[in-house]
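What's in entry_4.tsv: TSV, C-alpha atoms
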```tsv
chain	number	residue	atom	x	y	z
O	71	MET	CA	0.00	0.00	0.00
O	72	THR	CA	2.83	2.38	0.90
O	73	ASN	CA	4.62	1.62	-2.36
O	74	LEU	CA	1.40	2.20	-4.31
O	75	LYS	CA	0.88	5.55	-2.58
O	76	THR	CA	4.45	6.59	-3.34
O	77	PHE	CA	3.98	5.57	-6.98
O	78	PHE	CA	0.86	7.72	-7.36
O	79	LEU	CA	2.51	10.68	-5.65
O	80	THR	CA	5.47	10.35	-7.97
O	81	LEU	CA	3.21	10.11	-11.01
O	82	LEU	CA	1.28	13.19	-9.83
O	83	SER	CA	4.44	15.25	-9.35
O	84	VAL	CA	5.72	14.31	-12.82
O	85	LEU	CA	2.38	15.28	-14.39
O	86	LEU	CA	2.39	18.60	-12.55
O	87	LEU	CA	5.91	19.34	-13.71
O	88	THR	CA	4.92	18.77	-17.33
O	89	LEU	CA	1.85	21.02	-17.22
O	90	PRO	CA	2.24	24.63	-18.43
O	91	LEU	CA	2.39	27.14	-15.58
O	92	ALA	CA	-0.52	29.49	-15.16
O	93	GLY	CA	0.12	33.22	-15.09
O	94	LYS	CA	3.37	35.10	-15.70
O	95	ALA	CA	6.61	33.17	-15.22
O	96	ALA	CA	9.06	34.47	-12.66
O	97	ALA	CA	11.73	36.73	-14.09
O	98	SER	CA	14.45	34.51	-12.65
O	99	GLY	CA	13.17	31.50	-14.58
O	100	THR	CA	13.23	29.46	-11.36
O	101	GLU	CA	9.67	29.77	-10.15
O	102	LEU	CA	9.20	27.39	-7.24
O	103	THR	CA	5.61	26.36	-7.86
O	104	PRO	CA	3.60	23.91	-5.73
O	105	SER	CA	4.31	21.21	-8.31
O	106	ILE	CA	8.05	21.82	-8.02
O	107	GLN	CA	7.74	21.79	-4.23
O	108	ALA	CA	5.84	18.49	-4.33
O	109	ALA	CA	8.41	16.84	-6.57
O	110	PHE	CA	11.25	18.16	-4.45
O	111	ASP	CA	9.61	16.89	-1.25
O	112	LEU	CA	9.34	13.42	-2.74
O	113	THR	CA	13.02	13.54	-3.70
O	114	ALA	CA	14.04	14.74	-0.25
O	115	ALA	CA	11.92	12.00	1.31
O	116	VAL	CA	13.98	9.25	-0.35
O	117	ALA	CA	17.28	10.80	0.78
O	118	ASP	CA	19.01	9.86	4.02
O	119	SER	CA	18.57	12.14	7.01
O	120	SER	CA	21.77	14.13	6.49
O	121	SER	CA	21.20	14.59	2.76
O	122	ARG	CA	17.55	15.54	3.35
O	123	SER	CA	18.56	18.28	5.77
O	124	LYS	CA	21.11	19.63	3.31
O	125	LEU	CA	18.63	19.52	0.42
O	126	ASN	CA	15.99	21.39	2.43
O	127	SER	CA	18.54	24.03	3.39
O	128	LEU	CA	19.64	24.50	-0.23
O	129	TYR	CA	16.03	24.68	-1.42
O	130	SER	CA	15.16	27.30	1.22
O	131	GLU	CA	18.08	29.45	0.12
O	132	LEU	CA	17.07	29.07	-3.52
O	133	SER	CA	13.55	30.18	-2.63
O	134	ALA	CA	14.90	33.29	-0.88
O	135	LEU	CA	17.29	34.18	-3.71
O	136	SER	CA	14.59	33.64	-6.34
O	137	ALA	CA	12.31	36.08	-4.52
O	138	GLN	CA	15.20	38.52	-4.11
O	139	TYR	CA	15.95	38.24	-7.83
O	140	ASN	CA	12.53	39.62	-8.70
O	141	SER	CA	12.46	42.30	-6.00
O	142	ARG	CA	15.86	43.62	-7.06
O	143	GLU	CA	14.77	43.55	-10.68
O	144	GLU	CA	11.83	45.78	-9.75
O	145	GLN	CA	14.06	48.09	-7.72
O	146	ILE	CA	16.44	48.45	-10.66
O	147	ARG	CA	13.55	49.15	-13.03
O	148	LYS	CA	12.19	51.93	-10.82
O	149	LEU	CA	15.63	53.49	-10.31
O	150	HIS	CA	16.38	53.37	-14.03
O	151	GLU	CA	13.04	54.89	-15.04
O	152	SER	CA	13.41	57.64	-12.45
O	153	ASN	CA	16.95	58.43	-13.64
O	154	ALA	CA	15.91	58.41	-17.29
O	155	GLN	CA	13.11	60.91	-16.61
O	156	SER	CA	15.32	63.09	-14.40
O	157	LEU	CA	18.04	63.06	-17.04
O	158	LEU	CA	15.62	64.23	-19.73
O	159	THR	CA	14.38	67.02	-17.45
O	160	VAL	CA	17.89	68.20	-16.57
O	161	LYS	CA	19.04	68.13	-20.20
O	162	GLU	CA	16.05	70.25	-21.19
O	163	LYS	CA	16.83	72.71	-18.39
O	164	ILE	CA	20.45	72.87	-19.50
O	165	LYS	CA	19.37	73.85	-23.02
O	166	ASN	CA	17.29	76.66	-21.52
O	167	ILE	CA	19.95	78.04	-19.16
O	168	ASP	CA	19.76	81.88	-19.37
O	169	GLN	CA	18.01	81.55	-22.72
O	170	ALA	CA	15.45	84.16	-21.69
O	171	THR	CA	18.26	86.62	-20.88
O	172	VAL	CA	19.99	86.03	-24.23
O	173	THR	CA	16.69	86.33	-26.09
O	174	ARG	CA	15.89	89.60	-24.31
O	175	LEU	CA	19.33	91.10	-24.98
O	176	THR	CA	19.19	89.97	-28.61
O	177	ALA	CA	15.89	91.85	-28.95
O	178	VAL	CA	17.44	94.90	-27.25
O	179	VAL	CA	20.33	94.93	-29.76
O	180	ALA	CA	17.91	94.59	-32.66
O	181	SER	CA	15.59	97.35	-31.40
O	182	THR	CA	18.54	99.64	-30.63
O	183	LYS	CA	19.89	99.23	-34.17
O	184	ALA	CA	16.40	99.81	-35.61
O	185	ARG	CA	15.98	102.96	-33.49
O	186	TYR	CA	19.24	104.47	-34.72
O	187	GLN	CA	18.92	103.36	-38.34
O	188	PRO	CA	17.10	106.54	-39.47
O	189	LEU	CA	19.94	108.61	-37.97
O	190	PHE	CA	22.51	106.53	-39.80
O	191	ASP	CA	20.55	106.85	-43.05
O	192	GLN	CA	20.32	110.63	-42.67
O	193	TYR	CA	24.01	110.90	-41.86
O	194	SER	CA	24.93	108.76	-44.88
O	195	ALA	CA	22.65	110.77	-47.19
O	196	LEU	CA	24.09	114.05	-45.90
O	197	ASN	CA	27.66	112.91	-46.51
O	198	LYS	CA	26.76	111.76	-50.02
O	199	ARG	CA	25.26	115.17	-50.72
O	200	ILE	CA	28.39	116.88	-49.44
O	201	SER	CA	30.48	114.64	-51.69
O	202	LEU	CA	28.34	115.49	-54.73
O	203	LEU	CA	28.55	119.24	-54.02
O	204	ARG	CA	32.28	119.13	-53.39
O	205	GLY	CA	33.07	120.27	-56.98
O	206	MET	CA	30.69	123.21	-56.77
O	207	ARG	CA	31.80	126.60	-55.54
O	208	ASP	CA	28.85	127.17	-53.26
O	209	LYS	CA	30.88	127.71	-50.10
O	210	PRO	CA	27.99	128.87	-47.89
O	211	LEU	CA	25.98	125.74	-48.69
O	212	ASN	CA	29.00	123.52	-48.21
O	213	SER	CA	29.71	125.18	-44.90
O	214	VAL	CA	26.17	124.66	-43.67
O	215	LEU	CA	26.15	121.03	-44.77
O	216	ARG	CA	29.50	120.33	-43.12
O	217	ALA	CA	28.30	121.92	-39.89
O	218	GLN	CA	25.27	119.64	-39.99
O	219	SER	CA	27.51	116.63	-40.67
O	220	ASP	CA	29.79	117.49	-37.77
O	221	ALA	CA	26.81	117.81	-35.42
O	222	MET	CA	25.34	114.54	-36.63
O	223	ARG	CA	28.71	112.80	-36.35
O	224	ILE	CA	28.61	113.20	-32.57
O	225	LEU	CA	25.12	111.71	-32.44
O	226	VAL	CA	26.17	108.88	-34.75
O	227	GLN	CA	29.21	108.11	-32.59
O	228	MET	CA	27.02	108.05	-29.48
O	229	ALA	CA	24.52	105.78	-31.24
O	230	ARG	CA	27.25	103.41	-32.40
O	231	GLN	CA	28.68	103.28	-28.91
O	232	ASP	CA	25.24	102.49	-27.50
O	233	ILE	CA	24.93	99.63	-30.00
O	234	ARG	CA	28.42	98.36	-29.11
O	235	ASP	CA	27.51	98.44	-25.41
O	236	GLN	CA	24.33	96.45	-26.03
O	237	GLU	CA	26.22	93.97	-28.22
O	238	ALA	CA	28.88	93.60	-25.51
O	239	ARG	CA	26.18	92.78	-22.95
O	240	LEU	CA	24.71	90.21	-25.34
O	241	LYS	CA	28.12	88.66	-26.01
O	242	ALA	CA	28.89	88.46	-22.27
O	243	ALA	CA	25.49	86.84	-21.62
O	244	LYS	CA	26.11	84.27	-24.37
O	245	GLU	CA	29.57	83.47	-23.03
O	246	ASP	CA	28.26	83.14	-19.47
O	247	ARG	CA	25.46	80.88	-20.73
O	248	ALA	CA	27.93	78.75	-22.67
O	249	LYS	CA	30.12	78.35	-19.56
O	250	LYS	CA	27.14	77.32	-17.43
O	251	ILE	CA	25.98	74.82	-20.05
O	252	ALA	CA	29.50	73.36	-20.39
O	253	ALA	CA	29.83	73.03	-16.60
O	254	ALA	CA	26.46	71.29	-16.25
O	255	ARG	CA	27.19	68.95	-19.15
O	256	LYS	CA	30.59	68.15	-17.69
O	257	THR	CA	28.88	67.17	-14.45
O	258	LEU	CA	26.36	65.03	-16.35
O	259	ALA	CA	29.26	63.29	-18.11
O	260	GLY	CA	29.79	61.67	-14.71
O	261	THR	CA	26.93	59.32	-15.63
O	262	ASP	CA	28.86	57.83	-18.55
O	263	SER	CA	31.12	55.57	-16.51
O	264	PRO	CA	28.30	54.13	-14.31
O	265	GLN	CA	26.15	53.55	-17.40
O	266	THR	CA	29.01	51.65	-19.05
O	267	SER	CA	29.43	49.58	-15.90
O	268	ILE	CA	25.70	48.85	-15.82
O	269	LYS	CA	25.86	47.51	-19.37
O	270	SER	CA	28.75	45.30	-18.31
O	271	GLN	CA	26.85	43.97	-15.30
O	272	LYS	CA	23.76	43.33	-17.43
O	273	SER	CA	25.91	41.33	-19.84
O	274	VAL	CA	27.16	39.25	-16.93
O	275	ILE	CA	23.59	38.68	-15.73
O	276	SER	CA	22.48	37.69	-19.23
O	277	SER	CA	25.18	35.02	-19.39
O	278	LEU	CA	24.33	33.80	-15.91
O	279	ASN	CA	20.63	33.60	-16.78
O	280	LYS	CA	21.46	31.27	-19.66
O	281	ARG	CA	23.35	29.09	-17.22
O	282	LEU	CA	20.46	29.22	-14.76
O	283	SER	CA	18.09	28.04	-17.46
O	284	ALA	CA	20.24	24.96	-18.06
O	285	ASP	CA	20.67	24.35	-14.32
O	286	TRP	CA	16.94	24.72	-13.79
O	287	SER	CA	16.26	22.06	-16.42
O	288	ASP	CA	18.78	19.78	-14.69
O	289	PHE	CA	17.09	20.40	-11.34
O	290	LYS	CA	13.64	19.54	-12.65
O	291	SER	CA	15.01	16.42	-14.30
O	292	ALA	CA	16.69	15.39	-11.04
O	293	ILE	CA	13.53	15.74	-8.95
O	294	ARG	CA	11.48	13.91	-11.56
O	295	LYS	CA	13.90	11.03	-11.18
O	296	GLN	CA	13.87	11.50	-7.38
O	297	ASN	CA	17.66	11.52	-7.43
O	298	PRO	CA	18.92	13.29	-4.27
O	299	SER	CA	22.52	13.40	-5.47
O	300	LEU	CA	21.73	15.04	-8.80
O	301	THR	CA	19.24	17.33	-7.09
O	302	SER	CA	21.94	18.49	-4.68
O	303	LEU	CA	24.37	19.16	-7.52
O	304	SER	CA	21.81	21.12	-9.54
O	305	LEU	CA	20.73	23.11	-6.47
O	306	ASN	CA	24.32	24.07	-5.71
O	307	SER	CA	24.80	25.19	-9.29
O	308	LEU	CA	21.54	27.17	-9.22
O	309	LEU	CA	22.55	28.85	-5.96
O	310	SER	CA	25.96	29.74	-7.32
O	311	GLY	CA	24.37	31.45	-10.32
O	312	HIS	CA	21.78	33.23	-8.20
O	313	ARG	CA	24.42	34.51	-5.79
O	314	GLN	CA	26.45	35.93	-8.65
O	315	ILE	CA	23.37	37.51	-10.19
O	316	ALA	CA	22.40	38.98	-6.80
O	317	ALA	CA	25.87	40.54	-6.53
O	318	SER	CA	25.63	42.00	-10.05
O	319	LYS	CA	22.15	43.35	-9.40
O	320	GLN	CA	23.33	44.98	-6.19
O	321	LYS	CA	26.14	46.66	-8.16
O	322	ILE	CA	23.59	47.90	-10.71
O	323	ILE	CA	21.45	49.34	-7.91
O	324	GLU	CA	24.49	51.15	-6.50
O	325	LEU	CA	25.42	52.42	-9.96
O	326	GLU	CA	21.87	53.69	-10.61
O	327	GLN	CA	22.00	55.46	-7.24
O	328	LYS	CA	25.32	57.02	-8.24
O	329	ILE	CA	23.76	58.23	-11.49
O	330	ALA	CA	20.88	59.74	-9.50
O	331	GLY	CA	23.44	61.62	-7.39
O	332	VAL	CA	25.20	63.00	-10.47
O	333	ILE	CA	21.90	64.16	-11.99
O	334	ALA	CA	20.96	65.85	-8.69
O	335	GLU	CA	24.32	67.64	-8.64
O	336	ALA	CA	23.84	68.87	-12.20
O	337	SER	CA	20.34	70.05	-11.32
O	338	LYS	CA	21.73	72.17	-8.50
O	339	GLN	CA	24.07	73.91	-10.94
O	340	ILE	CA	21.12	75.01	-13.04
O	341	THR	CA	18.98	76.52	-10.29
```
Mind turning this structure into structure tokens?
Amino acid sequence: MTNLKTFFLTLLSVLLLTLPLAGKAAASGTELTPSIQAAFDLTAAVADSSSRSKLNSLYSELSALSAQYNSREEQIRKLHESNAQSLLTVKEKIKNIDQATVTRLTAVVASTKARYQPLFDQYSALNKRISLLRGMRDKPLNSVLRAQSDAMRILVQMARQDIRDQEARLKAAKEDRAKKIAAARKTLAGTDSPQTSIKSQKSVISSLNKRLSADWSDFKSAIRKQNPSLTSLSLNSLLSGHRQIAASKQKIIELEQKIAGVIAEASKQIT
């Protein structure tokens, strides 16, 4: 009777393992479902006392690391999305640094030139007239025109100096803006190294995930066969991969936090 019961339990666990899982699969690829638990329990049950204790300990750690895998994945996702949005906001602010001041001073230069243009036109026309009358012997007229030109020259010089002053203010504002933009962008460049490191860590995780997939298949095969020795080997391999992934994910979290700090520093430079 006991053997018959064990046979049916074994058959049930194998059937459960072969059924498609309902819902979304765990991101780690090692979702410890009730069917997996049942098959593992049967495998642990046929092991000796010492091996059973070790298997249960390994399985408990795998359960914890599998849950941690997903929670850290979510933490990384939130950090990355927050940084991406903050980075876009800061970059937009950098483009607009003192833009209103430069726009205003550009308009001032343009309006100043427009205001003085009639004076310049009159002064140019007067000098052309003087040049045309130079060959004529109408000294009184020439004298009057030259007196007018001399008087206008002072006004023209003052107008040109006013324009130069306005242009100097505009140039200084543009240079100051360029310096501020360069400084903020230099600060933001501090995100380049962490982002490169994140890519490297993600590459490591990708390779480890492929290994986990193979180890997970080995684990399921071992518990189907109720082989404690193979189950122990596959669990150890799974745990090794999970530990390495956990370390890489922790590094990514720290790198994303570093990026957040750099973006915050750049934001302070803008305000």
Original post:
Which is closer to O:Lys319 than all the others in O:Ser120, O:Gln145, O:Thr103, O:Gln155, using only C-alpha atoms?
Top reply: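 The shortest atom-to-atom distance to O:Lys319 comes from O:Gln145.
The spacing separating atom CA of O:Lys295 from atom CA of O:Asn126 amounts to 17.2 Å.
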**OP:** Mind listing whatever residues come within 9 Å of the point (25.8, 53.2, -13.8)? Use all atoms listed in the file, file coordinates, and give them as a PyMOL selection string.
**Re:** chain O and resi 261-269+321-329
**OP:** Just give me the gap between atom CA of O:Thr182 and atom CA of O:Val226 in Å, one decimal is fine.
**Re:** 12.7 Å
**OP:** Between atom CA of O:Arg223 and atom CA of O:Ala242, measure the distance and give it in Å to one decimal.
**Re:**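 Taking atom CA of O:Arg223 as the start and atom CA of O:Ala242 as the end point, the length is 28.1 Å.
Excluding O:Asp220 itself and same-chain residues fewer than 4 positions from it, the residues having an atom within 12 Å of it are Tyr193, Leu196, Asn197, Ile200, Ser213, Val214, Leu215, Arg216, Ile224, Leu225, Val226 and Gln227 of chain O, counting all atoms listed in the file.
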**OP:** Write out as an MDAnalysis selection string each polymer residue whose atoms come within 8 Å of O:Leu132, counting only C-alpha atoms; drop sequence neighbours fewer than 2 positions from it.
**Re:** chainID O and resid 128:130 134:136 305 308:309 312
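The nearest approach to O:Ser287 among the residues O:Ser304, O:Gln218, O:Lys124, O:Gln271, with only C-alpha atoms taken into account, belongs to O:Ser304.
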**OP:** Within 12 Å of O:Ala253, counting all atoms listed in the file, which residues show up once you throw out same-chain ones fewer than 2 positions away? Write them as JSON, numbers by chain, please.
**Re:** {"O": [164, 167, 246, 247, 248, 249, 250, 251, 255, 256, 257, 258, 259, 260, 335, 336, 337, 338, 339, 340]}
**OP:** Skip O:Leu278 itself and residues of its chain fewer than 4 positions away, then list as a VMD selection string all residues within 10 Å of it, counting only C-alpha atoms.
**Re:** chain O and resid 272 to 274 282 to 284 308 310 to 312 314 to 315
Would you write out those residues with C-alpha atoms, as a short mmCIF file (atom, residue, chain, number, x, y, z; two decimals), keeping the file's coordinate frame?
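Just written: result-v2.cif:
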```cif
data_model
loop_
_atom_site.label_atom_id
_atom_site.label_comp_id
_atom_site.auth_asym_id
_atom_site.auth_seq_id
_atom_site.Cartn_x
_atom_site.Cartn_y
_atom_site.Cartn_z
CA LYS O 272 23.76 43.33 -17.43
CA SER O 273 25.91 41.33 -19.84
CA VAL O 274 27.16 39.25 -16.93
CA LEU O 282 20.46 29.22 -14.76
CA SER O 283 18.09 28.04 -17.46
CA ALA O 284 20.24 24.96 -18.06
CA LEU O 308 21.54 27.17 -9.22
CA SER O 310 25.96 29.74 -7.32
CA GLY O 311 24.37 31.45 -10.32
CA HIS O 312 21.78 33.23 -8.20
CA GLN O 314 26.45 35.93 -8.65
CA ILE O 315 23.37 37.51 -10.19
#
```
If the box runs along x, y and z of the file and leaves 4 Å on each side of stretch 319-331 of chain O, what are its centre and edge lengths in Å, one decimal, as JSON?
```
{"center_x": 23.5, "center_y": 52.5, "center_z": -8.8, "size_x": 13.3, "size_y": 26.3, "size_z": 13.3}
```
Subject >> Using all atoms listed in the file: which of O:Lys165, O:Lys244, O:Arg199, O:Arg185 has the shortest distance to O:Ala229 >> reply: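 Using all atoms listed in the file, the shortest distance to O:Ala229 belongs to O:Arg185.
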Subject >> Residue nearest O:Met228 among O:Pro298, O:Val172, O:Leu189, O:Ser194 (counting all atoms listed in the file) >> reply: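 When distances to O:Met228 are compared using all atoms listed in the file, the smallest one comes from O:Leu189.
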